[in-house]
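One structure is given below, encoded as structure tokens.
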Amino acid sequence: MALSDGLASLALTSYGWLGLAAYPLSRPLLAYRAAKGKEDRARRSERFGHASLARPAGPLVWIHAASVGETTAVVALMRELRRRDIHVLLTTGTVTSAEVAKNRLGDMVLHQYVPLDLLPCIRRFLDYWQPDVAIGVESEIWPTTLAELHRRHIPQILVNARMSDRSFDRWKRHPSIAETLFGKLALVIAQSDLDAERFRDLAAWPVSVSGNIKVDSDAPPCDEQVLERYRQQIGNRKTWAAISTFEGEEKIASMVHRALKAHTGMLTVLVPRHPDRCDEIEAMLVEKGLVVARRTRGDVITPETDVFLGDTIGEMGLYLRLTEVAFVGRSLSAEGGQNPLEPAMLGCAVLSGPQVSNFRESYQRLVRKGSARIVRDAEMLAKAVHFLLNNEVARSKMIDAGLESMQEMRGALTATLKGLEPYISPLSVKAKLEPRAAGQS
């Protein structure tokens, strides 16, 4: 678990910090065991710092993005670094994020699975890759890695940084540990003024504000032929989507569908946050008498289909283009919320539960603009879906407001690059002075 996710009481005994004495061994291994099912077994040695690719000559920036959302957020940043002939090593924690990077960037960047936060693993990794700069995304800070980077005088920067309410409260109870850790960051570029204030309170410096870099990302892509095939199968039926759902929210989506089906004849597009739960989700839906079509099976959406179950990774662009009304999960039966920016930029009216602390700033902007609505429970969600599906004027106003909000919120990538300039400009110059290295990939 990353420090900002709540390890406020942790400390590395090997660096003289107080806290959980077992952390240097137990915490990374627990994280490793939890992620084993999400990894490429053939590349598991990468988790112990063993490289599976050759390190190219020339300047190299190491970027760590934990999962799909963080990886997507920094695609444009990685492209900009490559445009400047700076090599990019991207580490992620899951197969799905690796697939997203491959689909979006191809061979433009080098990919490895992130090494365990154990000193032998980190030293082996850094000895081999020798990054000039290390960049973490959003809330990815690991204590052993941070300490070893600092010892080697390799700047560690946090971009698109955010600090949740819970993490901040825990860190405030351990100010000396927070100061020891966050004080080692060379730069923090935060998503919002509130995030920046929290990082400053925890001794990070300097701290600047960029906005959410995800707004400057390209809209999620999709296969146009597949999209057209599903649109033909759906025909004139009304649709709504429940995306990035967590346990309990699929049942809520089924309740909404059953409540509205007789009035609208609609199709529900259901996209769980974790596709590995889709077998049990399908069983639950079938038990409730619903007809399910699954993307992985290539099922045809017929007039009898109640739910189109999106059980694939990296196809959110497809699912969102099948509707104009999207409920974003982890907000009713789970806490924190999920990213509302992708549905807004793809022309959806956005609905969400109230528990959106991880994306507070984005939701505040969207709600103020009129492009998102907060619902309290299943009944309120059903009423909102019914209203929007049957009121084209209201739906169009929300969609237009969302697109306008996206345009107004842009600029985070430019601000991020400005903050990074003192670190990446020398690398760009170095790359130009080494033409053979710059030409390698």
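Chain identifiers are assigned as A, B, and so on, following the order in which chains appear in the structure tokens; residues are numbered from 1 within each chain, and ligands are numbered from 1 in order of appearance.
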Those of stretch 90-193 of chain A in DSSP strand (DSSP E or B), formatted as a list in words: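 Restricting stretch 90-193 of chain A to strand (DSSP E or B) produces Leu90, Thr91, Thr92, Leu110, His111, Gln112, Tyr113, Val133, Ala134, Ile135, Gly136, Val137, Gln156, Ile157, Leu158, Val159, Asn160, Ala161, Leu187, Val188, Ile189 and Ala190 of chain A.
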Please identify all polymer residues within 7 Å of stretch 228-245 of chain A, counting only C-alpha atoms, omitting same-chain residues fewer than 4 positions from it, and present them as a VMD selection string. chain A and resid 224 249 to 250 253 264 to 273 301 to 302 322 to 330 338 389
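Between atom CA of A:Val429 and atom CA of A:Arg84 the separation is 8.7 Å.
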Which neighbours of A:Thr305 fall inside 8 Å, counting only C-alpha atoms, when residues of the same chain fewer than 5 positions from it are skipped, and could you give them as number ranges by chain? A: 267, 290-293
Would you kindly return, as a list in words, each protein, DNA or RNA residue with an atom no farther than 10 Å from any atom of A:Ala54, considering only C-alpha atoms and excluding same-chain residues fewer than 5 positions away?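 Near neighbours after the sequence-gap exclusion: Leu110, Tyr128 and Trp129 of chain A.
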Pull all heavy atoms from the residues just selected and write them as a PDB file, in the first residue's frame.
ATOM      1  N   LEU A 110       9.379   2.293 -22.412  1.00  0.00           N
ATOM      2  CA  LEU A 110       9.780   1.000 -21.867  1.00  0.00           C
ATOM      3  C   LEU A 110       8.871   0.681 -20.685  1.00  0.00           C
ATOM      4  O   LEU A 110       8.615   1.554 -19.850  1.00  0.00           O
ATOM      5  CB  LEU A 110      11.231   1.066 -21.396  1.00  0.00           C
ATOM      6  CG  LEU A 110      12.258   1.518 -22.438  1.00  0.00           C
ATOM      7  CD1 LEU A 110      13.507   2.033 -21.750  1.00  0.00           C
ATOM      8  CD2 LEU A 110      12.585   0.376 -23.374  1.00  0.00           C
ATOM      9  N   TYR A 128      20.444  -0.757 -12.227  1.00  0.00           N
ATOM     10  CA  TYR A 128      20.349  -1.101 -13.647  1.00  0.00           C
ATOM     11  C   TYR A 128      19.832   0.068 -14.493  1.00  0.00           C
ATOM     12  O   TYR A 128      20.430   0.423 -15.511  1.00  0.00           O
ATOM     13  CB  TYR A 128      19.432  -2.317 -13.832  1.00  0.00           C
ATOM     14  CG  TYR A 128      19.328  -2.750 -15.284  1.00  0.00           C
ATOM     15  CD1 TYR A 128      20.282  -3.596 -15.837  1.00  0.00           C
ATOM     16  CD2 TYR A 128      18.283  -2.300 -16.094  1.00  0.00           C
ATOM     17  CE1 TYR A 128      20.204  -3.986 -17.165  1.00  0.00           C
ATOM     18  CE2 TYR A 128      18.200  -2.679 -17.427  1.00  0.00           C
ATOM     19  CZ  TYR A 128      19.164  -3.522 -17.951  1.00  0.00           C
ATOM     20  OH  TYR A 128      19.092  -3.896 -19.281  1.00  0.00           O
ATOM     21  N   TRP A 129      18.731   0.674 -14.057  1.00  0.00           N
ATOM     22  CA  TRP A 129      18.073   1.674 -14.908  1.00  0.00           C
ATOM     23  C   TRP A 129      18.690   3.066 -14.766  1.00  0.00           C
ATOM     24  O   TRP A 129      18.624   3.858 -15.694  1.00  0.00           O
ATOM     25  CB  TRP A 129      16.572   1.710 -14.590  1.00  0.00           C
ATOM     26  CG  TRP A 129      15.863   0.480 -15.056  1.00  0.00           C
ATOM     27  CD1 TRP A 129      15.417  -0.560 -14.299  1.00  0.00           C
ATOM     28  CD2 TRP A 129      15.559   0.146 -16.408  1.00  0.00           C
ATOM     29  NE1 TRP A 129      14.836  -1.517 -15.083  1.00  0.00           N
ATOM     30  CE2 TRP A 129      14.904  -1.110 -16.388  1.00  0.00           C
ATOM     31  CE3 TRP A 129      15.768   0.774 -17.640  1.00  0.00           C
ATOM     32  CZ2 TRP A 129      14.464  -1.741 -17.560  1.00  0.00           C
ATOM     33  CZ3 TRP A 129      15.322   0.150 -18.797  1.00  0.00           C
ATOM     34  CH2 TRP A 129      14.693  -1.087 -18.745  1.00  0.00           C
TER      35      TRP A 129
END
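Atom CA of A:Ser362 is positioned 26.7 Å from atom CA of A:Ala134.
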Shell around A:Leu202 at 10 Å using only C-alpha atoms, local window under 3 positions removed, as a PyMOL selection string: chain A and resi 168+171-172+174-183+196-199+205
Tell me, as an mmCIF file with C-alpha atoms, in the first residue's frame, which residues lie within 12 Å of A:Lys418, counting only C-alpha atoms; anything in the same chain fewer than 2 positions away does not count.
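Once everything was written out, this is out_3.cif:
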data_model
loop_
_atom_site.group_PDB
_atom_site.id
_atom_site.type_symbol
_atom_site.label_atom_id
_atom_site.label_comp_id
_atom_site.auth_asym_id
_atom_site.auth_seq_id
_atom_site.Cartn_x
_atom_site.Cartn_y
_atom_site.Cartn_z
ATOM 1 C CA LEU A 77 3.179 13.708 -20.511
ATOM 2 C CA VAL A 159 2.547 14.988 -10.471
ATOM 3 C CA ILE A 189 2.498 19.389 -8.590
ATOM 4 C CA SER A 208 2.473 24.075 -7.179
ATOM 5 C CA VAL A 209 -1.019 23.544 -8.609
ATOM 6 C CA SER A 210 -1.696 22.317 -12.141
ATOM 7 C CA GLY A 411 -4.256 23.448 -19.185
ATOM 8 C CA ALA A 412 -2.991 21.053 -16.504
ATOM 9 C CA LEU A 413 -0.481 19.428 -18.857
ATOM 10 C CA THR A 414 1.007 22.813 -19.747
ATOM 11 C CA ALA A 415 1.263 23.726 -16.060
ATOM 12 C CA THR A 416 2.830 20.370 -15.263
ATOM 13 C CA LEU A 420 9.005 20.040 -14.622
ATOM 14 C CA GLU A 421 11.040 22.299 -16.909
ATOM 15 C CA PRO A 422 14.057 22.718 -14.561
ATOM 16 C CA TYR A 423 14.378 18.936 -14.431
ATOM 17 C CA ILE A 424 13.638 17.902 -18.022
ATOM 18 C CA SER A 425 15.226 20.740 -19.991
#
Extract, using only C-alpha atoms, all DNA, RNA and protein residues at most 7 Å from A:Val188, discarding same-chain residues fewer than 4 positions from it, and format them as number ranges by chain. A: 157-159, 161, 206-208
Using only C-alpha atoms for the distances, tell me which of A:Ala344, A:Val61, A:Val307, A:Met316 is nearest to A:Leu403. A:Ala344
Separating atom CA of A:Leu227 from atom CA of A:Pro343, to the nearest tenth of an Å, is a gap of 16.0 Å
Which parts of stretch 176-306 of chain A does DSSP call helix (DSSP H, G or I) when run on the backbone here, written out as a VMD selection string? chain A and resid 176 to 182 193 to 201 213 to 216 224 to 234 249 to 264 275 to 287
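Distance annotation: of A:Leu381, A:Ala262, A:Leu116, A:Met406, the residue with the minimal separation from A:Asp218 is A:Met406; atom set is only C-alpha atoms.
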For A:Arg124, which residue among A:Arg47, A:Lys261, A:Arg41, A:Arg321 is the nearest when counting only C-alpha atoms?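 Checking each of A:Arg47, A:Lys261, A:Arg41, A:Arg321 against A:Arg124, counting only C-alpha atoms, the winner is A:Arg47.
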